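So the structure is just underneath, and the comments pick up after that.
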Amino acid sequence: MSIVILGGGIIGLSTAYYLSRADSPPKIHIVDSSPTLFTSASGYAGGFVALDWFSPSVASLGALSFRLHRELAERHGGSTKWGYAGSHVYSLSVAERGASSKRKKSKEGKGEDWISAGTSRAQVAPSKGDMVNPDGSPAVWTPQIGGTLETIGQPEDCAQVEPRELCEFLLEECKSKGVELHLSNRATGVLTDSGGALKGLQLQCTDAGQPKVKELECKSVVIAAGAWTPRAFKVLFPQSTLRIPIEPLAGHSLVVRSPRYKTPFVNTSKRNISGGKDHWMCYAIYCAPGRHWSYAPEAFARLSGGGETEIWLGGLNDPTLALPDISTDVKNMIDPESIRDLRKTTVRLTGLAKEGNEVNQDDLESIREGLCFRPISQRGTPLIGKVPDNHLGIKTGEGGVFIASGHGPWGISLSLGTGKVMSEMLTGQDTSADIRALRVA
Ligand SMILES: Cc1cc2nc3c(=O)[nH]c(=O)nc-3n(C[C@H](O)[C@H](O)[C@H](O)COP(=O)(O)OP(=O)(O)OC[C@H]3O[C@@H](n4cnc5c(N)ncnc54)[C@H](O)[C@@H]3O)c2cc1C
């Protein structure tokens with residue numbers, strides 16, 4: 001009997017990828033309501049990956065995932081295929097006029113609630129290294145008057161990927177193993193046998209012109225529909241009193257190219273981090289809200305396929321934006337004012353500084369604008385595991401209905417580990433990471 005995964009973002013794809021590599025893998029179907037993949041968070045995210053920036057309940061999954069990112073990149077040339085490279089990480093504080101610019105340490109210590117608190121991810125990073133002299137920083141970051149750069153992460157324990165390219169790689173690998181993709185489809189009903197046990201799903205085509213209904217046999221269902229997960233669950237189990245505590249949080253982003261970042265940075269320690277011969281590395285910069293911006297910008301000088309250089313900038317979130325029905329609808333919701341704000345920040349952070357000028361010159365080439373929705377869980381950690389049958393109103397026997405969602409701002413980093421543990425749960429094995437605290441109910 002087969003397994004159906006609802007959602008073809010990075011979590012659904014990672015699950016299908018590891019499942020398709022299991023001993024005697026089941027037949028795997030990925031169902032996605034969108035006509036094209038990667039128009040969601042997994043296609044527009046920054047691609048920051050960390051070893052140990054997580055709270056204790058996520059630490060084991062975070063470490064597993066970091067190792068899997070590195071191993072996958074080493075085995076499949078990830079540095080050239082999806083821009084995998086170790087990352088140096090700075091925290092930037094720009095002093096209010098006359099004020100000290102020292103980074104404030106989070107009172108809570110490491111945690112995952114920085115995003116809802118509207119502060120910078122840098123506040124939960126392990127503090128490492130000394131203050132960095134602005135003159136010694138890479139030219140891609142424009143020196144800031146009154147600014148202090150502090151090193152908060154190193155290529156040994158931080159990395160970056162181009163998330164869309166990683167997703168494309170996973171998809172191709174899944175297809176090569178016979179994983180079947182059903183685009184423009186959503187599951188609208190559960191099929192049970194005469195004993196009331198799960199035997200499949202009813203799918204409905206989401207293309208207006210094609211109101212087709214079809215059935216897929218399966219013993220297990222994984223709901224990995226990102227911010228749409230609660231909706232997908234509700235449609236399948238309308239009688240259930242279980243509420244999936246995941247909310248959407250919209251974030252705009254920009255990708256640009258800069259004349260000051262034309263070739264990949266080379267890791268001078270020559271450590272072969274990505275397994276490629278190029279020893280490439282990336283730079284990330286996290287900024288606290290301050291004099292030049294009211295939000296917490298994060299910018300990634302990263303690589304995309306073949307060693308192309310680009311800068312991703314985001315951090316401007318909008319909790320008022322409602323999640324649309326289909327992820328391709330998101331592109332019509334991009335707010336020009338938010339993009340203008342981001343552009344201003346981008347020019348401030350990476351534009352051309354002219355001596356005596358207060359404002360940097362915008363000599364950046366636009367690559368793309370983006371908007372996408374993070375699946376934020378109320379408890380601040382992902383939900384990974386089986387939904388108990390008593391919450392479903394059906395029997396699932398050896399199979400089950402699983403949730404793999406709510407990764408919030410960390411879905412790219414935690415993707416491969418989530419896929420691995422999901423594949424282990426679905427095939428009845430012990431999990432490679434301790435995810436007991438991430439259970440669903
Ligand atoms: C601006 C921004 C920057 C980010 N930067 C980072 C970062 O640097 N590092 C990091 O680790 N994380 C980052 N994240 C978070 C990360 O992008 C997400 O956590 C992750 O992409 C979530 O993946 P997903 O597969 O769960 O969801 P998604 O990527 O949203 O995929 C969900 C899929 O489900 C499909 N779907 C919806 N409804 C249904 C349905 N009913 N049936 C079937 N399919 C359905 C959608 O079409 C979509 O393809 C960022 C997020 C944002 C918004």
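Chain lettering (A, B, ...) mirrors the order of the structure tokens, residue numbering begins at 1 for each chain separately, and ligand numbering begins at 1 in order of display.
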What does the list of residues within 7 Å of ligand 1 look like if you count only C-alpha atoms and all ligand atoms, written as a PyMOL selection string?
chain A and resi 6-12+31-34+37-49+185-187+224-229+231-232+250-253+314-315+326-327+371-375+405-414
Residue set, range 292-430 of chain A restricted to strand (DSSP E or B), as an MDAnalysis selection string:
chainID A and resid 298:304 308:318 352 361 365:377 383:386 395 400:405 407
Let me see the file: selected residues, C-alpha atoms, as a short mmCIF file (atom, residue, chain, number, x, y, z; two decimals), in the first residue's frame.
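Everything below was put into part.cif:
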data_model
loop_
_atom_site.label_atom_id
_atom_site.label_comp_id
_atom_site.auth_asym_id
_atom_site.auth_seq_id
_atom_site.Cartn_x
_atom_site.Cartn_y
_atom_site.Cartn_z
CA GLU A 298 18.61 39.58 7.53
CA ALA A 299 20.78 39.44 4.42
CA PHE A 300 22.57 36.51 2.87
CA ALA A 301 25.43 36.85 0.40
CA ARG A 302 24.94 33.43 -1.12
CA LEU A 303 25.50 31.28 -4.17
CA SER A 304 23.08 29.84 -6.64
CA GLU A 308 26.55 32.52 -9.38
CA THR A 309 26.62 35.14 -6.63
CA GLU A 310 23.52 36.87 -5.26
CA ILE A 311 22.27 38.66 -2.15
CA TRP A 312 18.94 37.71 -0.54
CA LEU A 313 17.42 40.20 1.88
CA GLY A 314 14.30 39.76 4.04
CA GLY A 315 13.01 40.15 7.56
CA LEU A 316 10.07 42.45 6.80
CA ASN A 317 7.05 40.46 7.96
CA ASP A 318 3.33 41.18 7.75
CA LEU A 352 27.81 51.85 -3.01
CA GLN A 361 24.10 54.80 -4.25
CA GLU A 365 20.81 44.67 -10.09
CA SER A 366 17.34 43.32 -9.21
CA ILE A 367 16.92 39.58 -9.59
CA ARG A 368 13.50 39.03 -8.00
CA GLU A 369 10.96 40.15 -5.43
CA GLY A 370 9.19 37.61 -3.26
CA LEU A 371 6.47 37.03 -0.73
CA CYS A 372 5.80 33.80 1.10
CA PHE A 373 4.18 32.44 4.26
CA ARG A 374 6.05 30.74 7.09
CA PRO A 375 4.13 28.05 8.98
CA ILE A 376 4.48 29.32 12.56
CA SER A 377 3.40 26.94 15.31
CA LEU A 383 4.88 19.41 14.87
CA ILE A 384 6.24 16.06 13.72
CA GLY A 385 4.45 12.79 14.31
CA LYS A 386 1.36 10.65 14.10
CA LYS A 395 -8.75 3.52 12.24
CA GLY A 400 -1.42 6.48 10.08
CA VAL A 401 -2.08 10.14 9.50
CA PHE A 402 1.02 12.19 10.23
CA ILE A 403 1.78 15.90 10.49
CA ALA A 404 5.17 17.35 9.50
CA SER A 405 4.81 21.11 9.66
CA HIS A 407 8.84 24.80 11.09
#
For CA of Trp293 in chain A and CA of Ser93 in chain A, quote the distance in Å rounded to one decimal.
11.0 Å
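Coordinates place CA of Arg257 in chain A at a distance of 14.9 Å from CA of Ala284 in chain A.
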Select, from A:Thr346, A:Ser194, A:Ser294, A:Ser184, the residue with the minimum atom-to-atom distance to Thr142 in chain A, counting only C-alpha atoms.
A:Thr346
Quick check for you: according to DSSP on this backbone, which residues of range 134-183 of chain A are classed as helix (DSSP H, G or I)? Reply as a PDB file with all heavy atoms, in the first residue's frame.
ATOM      1  N   PRO A 134      35.009  46.835  11.225  1.00  0.00           N
ATOM      2  CA  PRO A 134      34.296  47.046   9.961  1.00  0.00           C
ATOM      3  C   PRO A 134      35.234  47.026   8.747  1.00  0.00           C
ATOM      4  O   PRO A 134      34.861  46.585   7.681  1.00  0.00           O
ATOM      5  CB  PRO A 134      33.650  48.411  10.124  1.00  0.00           C
ATOM      6  CG  PRO A 134      33.496  48.573  11.597  1.00  0.00           C
ATOM      7  CD  PRO A 134      34.652  47.839  12.228  1.00  0.00           C
ATOM      8  N   ASP A 135      36.459  47.485   8.891  1.00  0.00           N
ATOM      9  CA  ASP A 135      37.374  47.490   7.754  1.00  0.00           C
ATOM     10  C   ASP A 135      37.741  46.079   7.302  1.00  0.00           C
ATOM     11  O   ASP A 135      38.121  45.863   6.169  1.00  0.00           O
ATOM     12  CB  ASP A 135      38.667  48.240   8.104  1.00  0.00           C
ATOM     13  CG  ASP A 135      38.369  49.705   8.343  1.00  0.00           C
ATOM     14  OD1 ASP A 135      37.266  50.132   7.940  1.00  0.00           O
ATOM     15  OD2 ASP A 135      39.212  50.388   8.947  1.00  0.00           O
ATOM     16  N   GLY A 136      37.622  45.118   8.219  1.00  0.00           N
ATOM     17  CA  GLY A 136      37.986  43.744   7.868  1.00  0.00           C
ATOM     18  C   GLY A 136      36.817  42.933   7.330  1.00  0.00           C
ATOM     19  O   GLY A 136      36.978  41.778   6.966  1.00  0.00           O
ATOM     20  N   PRO A 163      17.444  27.609  -1.506  1.00  0.00           N
ATOM     21  CA  PRO A 163      16.440  26.598  -1.163  1.00  0.00           C
ATOM     22  C   PRO A 163      15.658  26.056  -2.353  1.00  0.00           C
ATOM     23  O   PRO A 163      15.349  24.874  -2.408  1.00  0.00           O
ATOM     24  CB  PRO A 163      15.520  27.315  -0.171  1.00  0.00           C
ATOM     25  CG  PRO A 163      15.872  28.746  -0.209  1.00  0.00           C
ATOM     26  CD  PRO A 163      17.218  28.894  -0.815  1.00  0.00           C
ATOM     27  N   ARG A 164      15.354  26.935  -3.318  1.00  0.00           N
ATOM     28  CA  ARG A 164      14.592  26.456  -4.470  1.00  0.00           C
ATOM     29  C   ARG A 164      15.402  25.403  -5.234  1.00  0.00           C
ATOM     30  O   ARG A 164      14.871  24.373  -5.654  1.00  0.00           O
ATOM     31  CB  ARG A 164      14.261  27.626  -5.404  1.00  0.00           C
ATOM     32  CG  ARG A 164      13.544  27.206  -6.693  1.00  0.00           C
ATOM     33  CD  ARG A 164      13.457  28.377  -7.634  1.00  0.00           C
ATOM     34  NE  ARG A 164      12.672  29.427  -7.009  1.00  0.00           N
ATOM     35  CZ  ARG A 164      11.413  29.696  -7.320  1.00  0.00           C
ATOM     36  NH1 ARG A 164      10.818  29.000  -8.253  1.00  0.00           N
ATOM     37  NH2 ARG A 164      10.778  30.646  -6.711  1.00  0.00           N
ATOM     38  N   GLU A 165      16.695  25.660  -5.367  1.00  0.00           N
ATOM     39  CA  GLU A 165      17.535  24.698  -6.106  1.00  0.00           C
ATOM     40  C   GLU A 165      17.676  23.375  -5.348  1.00  0.00           C
ATOM     41  O   GLU A 165      17.739  22.314  -5.951  1.00  0.00           O
ATOM     42  CB  GLU A 165      18.903  25.312  -6.388  1.00  0.00           C
ATOM     43  CG  GLU A 165      18.801  26.418  -7.414  1.00  0.00           C
ATOM     44  CD  GLU A 165      20.108  27.144  -7.655  1.00  0.00           C
ATOM     45  OE1 GLU A 165      21.069  26.912  -6.907  1.00  0.00           O
ATOM     46  OE2 GLU A 165      20.157  27.954  -8.580  1.00  0.00           O
ATOM     47  N   LEU A 166      17.726  23.464  -4.015  1.00  0.00           N
ATOM     48  CA  LEU A 166      17.758  22.219  -3.234  1.00  0.00           C
ATOM     49  C   LEU A 166      16.450  21.447  -3.454  1.00  0.00           C
ATOM     50  O   LEU A 166      16.459  20.222  -3.657  1.00  0.00           O
ATOM     51  CB  LEU A 166      17.962  22.541  -1.747  1.00  0.00           C
ATOM     52  CG  LEU A 166      17.837  21.358  -0.778  1.00  0.00           C
ATOM     53  CD1 LEU A 166      18.770  20.207  -1.146  1.00  0.00           C
ATOM     54  CD2 LEU A 166      18.122  21.806   0.658  1.00  0.00           C
ATOM     55  N   CYS A 167      15.325  22.174  -3.436  1.00  0.00           N
ATOM     56  CA  CYS A 167      14.023  21.524  -3.679  1.00  0.00           C
ATOM     57  C   CYS A 167      14.001  20.876  -5.070  1.00  0.00           C
ATOM     58  O   CYS A 167      13.516  19.753  -5.232  1.00  0.00           O
ATOM     59  CB  CYS A 167      12.892  22.545  -3.597  1.00  0.00           C
ATOM     60  SG  CYS A 167      12.507  23.071  -1.929  1.00  0.00           S
ATOM     61  N   GLU A 168      14.528  21.591  -6.055  1.00  0.00           N
ATOM     62  CA  GLU A 168      14.529  21.037  -7.418  1.00  0.00           C
ATOM     63  C   GLU A 168      15.351  19.755  -7.484  1.00  0.00           C
ATOM     64  O   GLU A 168      14.968  18.786  -8.134  1.00  0.00           O
ATOM     65  CB  GLU A 168      15.063  22.079  -8.420  1.00  0.00           C
ATOM     66  CG  GLU A 168      13.984  23.083  -8.798  1.00  0.00           C
ATOM     67  CD  GLU A 168      14.525  24.364  -9.415  1.00  0.00           C
ATOM     68  OE1 GLU A 168      15.769  24.498  -9.540  1.00  0.00           O
ATOM     69  OE2 GLU A 168      13.694  25.239  -9.748  1.00  0.00           O
ATOM     70  N   PHE A 169      16.470  19.763  -6.774  1.00  0.00           N
ATOM     71  CA  PHE A 169      17.306  18.547  -6.737  1.00  0.00           C
ATOM     72  C   PHE A 169      16.527  17.392  -6.099  1.00  0.00           C
ATOM     73  O   PHE A 169      16.482  16.277  -6.634  1.00  0.00           O
ATOM     74  CB  PHE A 169      18.598  18.825  -5.948  1.00  0.00           C
ATOM     75  CG  PHE A 169      19.352  17.574  -5.614  1.00  0.00           C
ATOM     76  CD1 PHE A 169      20.169  16.955  -6.546  1.00  0.00           C
ATOM     77  CD2 PHE A 169      19.212  16.976  -4.361  1.00  0.00           C
ATOM     78  CE1 PHE A 169      20.835  15.769  -6.248  1.00  0.00           C
ATOM     79  CE2 PHE A 169      19.877  15.791  -4.046  1.00  0.00           C
ATOM     80  CZ  PHE A 169      20.692  15.191  -4.999  1.00  0.00           C
ATOM     81  N   LEU A 170      15.894  17.671  -4.940  1.00  0.00           N
ATOM     82  CA  LEU A 170      15.145  16.606  -4.235  1.00  0.00           C
ATOM     83  C   LEU A 170      14.026  16.067  -5.126  1.00  0.00           C
ATOM     84  O   LEU A 170      13.801  14.857  -5.197  1.00  0.00           O
ATOM     85  CB  LEU A 170      14.567  17.150  -2.923  1.00  0.00           C
ATOM     86  CG  LEU A 170      15.579  17.534  -1.841  1.00  0.00           C
ATOM     87  CD1 LEU A 170      14.882  18.260  -0.679  1.00  0.00           C
ATOM     88  CD2 LEU A 170      16.332  16.313  -1.302  1.00  0.00           C
ATOM     89  N   LEU A 171      13.362  16.980  -5.826  1.00  0.00           N
ATOM     90  CA  LEU A 171      12.252  16.566  -6.695  1.00  0.00           C
ATOM     91  C   LEU A 171      12.748  15.627  -7.800  1.00  0.00           C
ATOM     92  O   LEU A 171      12.145  14.578  -8.056  1.00  0.00           O
ATOM     93  CB  LEU A 171      11.581  17.812  -7.294  1.00  0.00           C
ATOM     94  CG  LEU A 171      10.424  17.554  -8.255  1.00  0.00           C
ATOM     95  CD1 LEU A 171       9.279  16.827  -7.557  1.00  0.00           C
ATOM     96  CD2 LEU A 171       9.909  18.868  -8.858  1.00  0.00           C
ATOM     97  N   GLU A 172      13.844  16.018  -8.440  1.00  0.00           N
ATOM     98  CA  GLU A 172      14.375  15.170  -9.527  1.00  0.00           C
ATOM     99  C   GLU A 172      14.771  13.795  -8.991  1.00  0.00           C
ATOM    100  O   GLU A 172      14.526  12.777  -9.617  1.00  0.00           O
ATOM    101  CB  GLU A 172      15.576  15.851 -10.199  1.00  0.00           C
ATOM    102  CG  GLU A 172      15.194  17.001 -11.123  1.00  0.00           C
ATOM    103  CD  GLU A 172      14.003  16.680 -12.033  1.00  0.00           C
ATOM    104  OE1 GLU A 172      14.056  15.642 -12.724  1.00  0.00           O
ATOM    105  OE2 GLU A 172      13.023  17.441 -12.039  1.00  0.00           O
ATOM    106  N   GLU A 173      15.400  13.776  -7.818  1.00  0.00           N
ATOM    107  CA  GLU A 173      15.803  12.495  -7.213  1.00  0.00           C
ATOM    108  C   GLU A 173      14.571  11.644  -6.894  1.00  0.00           C
ATOM    109  O   GLU A 173      14.581  10.432  -7.065  1.00  0.00           O
ATOM    110  CB  GLU A 173      16.591  12.752  -5.923  1.00  0.00           C
ATOM    111  CG  GLU A 173      17.961  13.338  -6.151  1.00  0.00           C
ATOM    112  CD  GLU A 173      18.922  12.333  -6.765  1.00  0.00           C
ATOM    113  OE1 GLU A 173      19.139  11.278  -6.172  1.00  0.00           O
ATOM    114  OE2 GLU A 173      19.447  12.621  -7.860  1.00  0.00           O
ATOM    115  N   CYS A 174      13.513  12.299  -6.392  1.00  0.00           N
ATOM    116  CA  CYS A 174      12.280  11.563  -6.074  1.00  0.00           C
ATOM    117  C   CYS A 174      11.690  10.969  -7.342  1.00  0.00           C
ATOM    118  O   CYS A 174      11.314   9.792  -7.382  1.00  0.00           O
ATOM    119  CB  CYS A 174      11.249  12.504  -5.433  1.00  0.00           C
ATOM    120  SG  CYS A 174      11.636  12.914  -3.728  1.00  0.00           S
ATOM    121  N   LYS A 175      11.625  11.792  -8.390  1.00  0.00           N
ATOM    122  CA  LYS A 175      11.042  11.302  -9.657  1.00  0.00           C
ATOM    123  C   LYS A 175      11.830  10.113 -10.187  1.00  0.00           C
ATOM    124  O   LYS A 175      11.260   9.158 -10.702  1.00  0.00           O
ATOM    125  CB  LYS A 175      11.029  12.423 -10.688  1.00  0.00           C
ATOM    126  CG  LYS A 175       9.928  13.439 -10.484  1.00  0.00           C
ATOM    127  CD  LYS A 175       9.967  14.408 -11.642  1.00  0.00           C
ATOM    128  CE  LYS A 175       8.965  15.508 -11.554  1.00  0.00           C
ATOM    129  NZ  LYS A 175       9.297  16.604 -12.491  1.00  0.00           N
ATOM    130  N   SER A 176      13.160  10.187 -10.047  1.00  0.00           N
ATOM    131  CA  SER A 176      13.993   9.089 -10.576  1.00  0.00           C
ATOM    132  C   SER A 176      13.732   7.780  -9.819  1.00  0.00           C
ATOM    133  O   SER A 176      14.060   6.714 -10.296  1.00  0.00           O
ATOM    134  CB  SER A 176      15.478   9.463 -10.521  1.00  0.00           C
ATOM    135  OG  SER A 176      15.926   9.386  -9.180  1.00  0.00           O
TER     136      SER A 176
END
CA of Leu13 in chain A to CA of Pro297 in chain A: how many Å, to one decimal?
28.5 Å
Extract, using only C-alpha atoms, all DNA, RNA and protein residues at most 6 Å from Gly200 in chain A, discarding same-chain residues fewer than 4 positions from it, and format them as a tab-separated table (two decimals) with N, CA and C atoms, in the first residue's frame.
chain	number	residue	atom	x	y	z
A	191	LEU	N	-11.07	7.83	2.39
A	191	LEU	CA	-11.77	6.60	2.01
A	191	LEU	C	-11.46	5.53	3.05
A	216	LEU	N	-6.92	7.81	-4.56
A	216	LEU	CA	-5.57	7.23	-4.40
A	216	LEU	C	-5.61	6.29	-3.22
A	217	GLU	N	-5.19	5.07	-3.42
A	217	GLU	CA	-5.12	4.12	-2.30
A	217	GLU	C	-3.91	4.45	-1.45
A	218	CYS	N	-4.03	4.36	-0.15
A	218	CYS	CA	-2.86	4.55	0.71
A	218	CYS	C	-3.13	4.02	2.11
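Closest approach to Thr192 in chain A from the set A:Asp157, A:Asp23, A:Glu215, A:Glu74 is made by A:Glu215, with distances taken over only C-alpha atoms.
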Considering only C-alpha atoms, return as number ranges by chain whatever protein or nucleic-acid residues lie within 8 Å of range 262-266 of chain A, sequence-local ones (same chain, fewer than 2 positions apart) excluded.
A: 257-260, 268, 270, 278-282, 303, 307-309
Selection export as a PDB file, in the first residue's frame, atoms kept: N, CA and C atoms:
ATOM      1  N   ARG A 257      21.947  41.526  -7.252  1.00  0.00           N
ATOM      2  CA  ARG A 257      23.380  41.270  -7.468  1.00  0.00           C
ATOM      3  C   ARG A 257      24.125  42.578  -7.258  1.00  0.00           C
ATOM      4  N   SER A 258      25.356  42.445  -6.767  1.00  0.00           N
ATOM      5  CA  SER A 258      26.139  43.642  -6.458  1.00  0.00           C
ATOM      6  C   SER A 258      27.480  43.593  -7.182  1.00  0.00           C
ATOM      7  N   PRO A 259      27.958  44.745  -7.653  1.00  0.00           N
ATOM      8  CA  PRO A 259      29.297  44.772  -8.263  1.00  0.00           C
ATOM      9  C   PRO A 259      30.386  44.413  -7.246  1.00  0.00           C
ATOM     10  N   ARG A 260      30.051  44.492  -5.964  1.00  0.00           N
ATOM     11  CA  ARG A 260      31.054  44.160  -4.937  1.00  0.00           C
ATOM     12  C   ARG A 260      31.001  42.696  -4.504  1.00  0.00           C
ATOM     13  N   THR A 268      39.387  30.639   3.323  1.00  0.00           N
ATOM     14  CA  THR A 268      40.846  30.666   3.367  1.00  0.00           C
ATOM     15  C   THR A 268      41.436  29.585   4.268  1.00  0.00           C
ATOM     16  N   LYS A 270      40.753  26.732   3.937  1.00  0.00           N
ATOM     17  CA  LYS A 270      40.868  25.624   2.978  1.00  0.00           C
ATOM     18  C   LYS A 270      40.207  24.344   3.470  1.00  0.00           C
ATOM     19  N   ASP A 278      36.144  23.808  -4.555  1.00  0.00           N
ATOM     20  CA  ASP A 278      36.274  25.261  -4.574  1.00  0.00           C
ATOM     21  C   ASP A 278      36.372  25.905  -3.195  1.00  0.00           C
ATOM     22  N   HIS A 279      36.063  25.186  -2.143  1.00  0.00           N
ATOM     23  CA  HIS A 279      36.144  25.741  -0.788  1.00  0.00           C
ATOM     24  C   HIS A 279      35.368  27.040  -0.656  1.00  0.00           C
ATOM     25  N   TRP A 280      34.200  27.104  -1.277  1.00  0.00           N
ATOM     26  CA  TRP A 280      33.437  28.345  -1.229  1.00  0.00           C
ATOM     27  C   TRP A 280      32.840  28.567   0.157  1.00  0.00           C
ATOM     28  N   MET A 281      32.609  29.821   0.458  1.00  0.00           N
ATOM     29  CA  MET A 281      31.867  30.147   1.677  1.00  0.00           C
ATOM     30  C   MET A 281      30.945  31.337   1.417  1.00  0.00           C
ATOM     31  N   CYS A 282      29.983  31.515   2.305  1.00  0.00           N
ATOM     32  CA  CYS A 282      29.000  32.583   2.172  1.00  0.00           C
ATOM     33  C   CYS A 282      29.084  33.501   3.392  1.00  0.00           C
ATOM     34  N   LEU A 303      25.223  31.787  -2.828  1.00  0.00           N
ATOM     35  CA  LEU A 303      25.499  31.280  -4.166  1.00  0.00           C
ATOM     36  C   LEU A 303      24.245  30.644  -4.719  1.00  0.00           C
ATOM     37  N   GLY A 307      27.762  28.479  -8.987  1.00  0.00           N
ATOM     38  CA  GLY A 307      28.645  29.479  -8.378  1.00  0.00           C
ATOM     39  C   GLY A 307      28.272  30.909  -8.714  1.00  0.00           C
ATOM     40  N   GLU A 308      27.036  31.152  -9.184  1.00  0.00           N
ATOM     41  CA  GLU A 308      26.549  32.523  -9.379  1.00  0.00           C
ATOM     42  C   GLU A 308      26.400  33.189  -8.007  1.00  0.00           C
ATOM     43  N   THR A 309      26.738  34.454  -7.917  1.00  0.00           N
ATOM     44  CA  THR A 309      26.621  35.137  -6.627  1.00  0.00           C
ATOM     45  C   THR A 309      25.330  35.965  -6.577  1.00  0.00           C
TER      46      THR A 309
END
Neighbours of Thr345 in chain A within 9 Å (only C-alpha atoms; same-chain residues fewer than 3 positions away dropped), as an NGL selection string?
:A and (292-293 or 297 or 313 or 340-342 or 348-350)
Leaving out Lys27 in chain A and any residue of its chain fewer than 2 positions from it, which residues lie within 8 Å of it when counting only C-alpha atoms, given as a PyMOL selection string?
chain A and resi 1-3+25+29+178-179
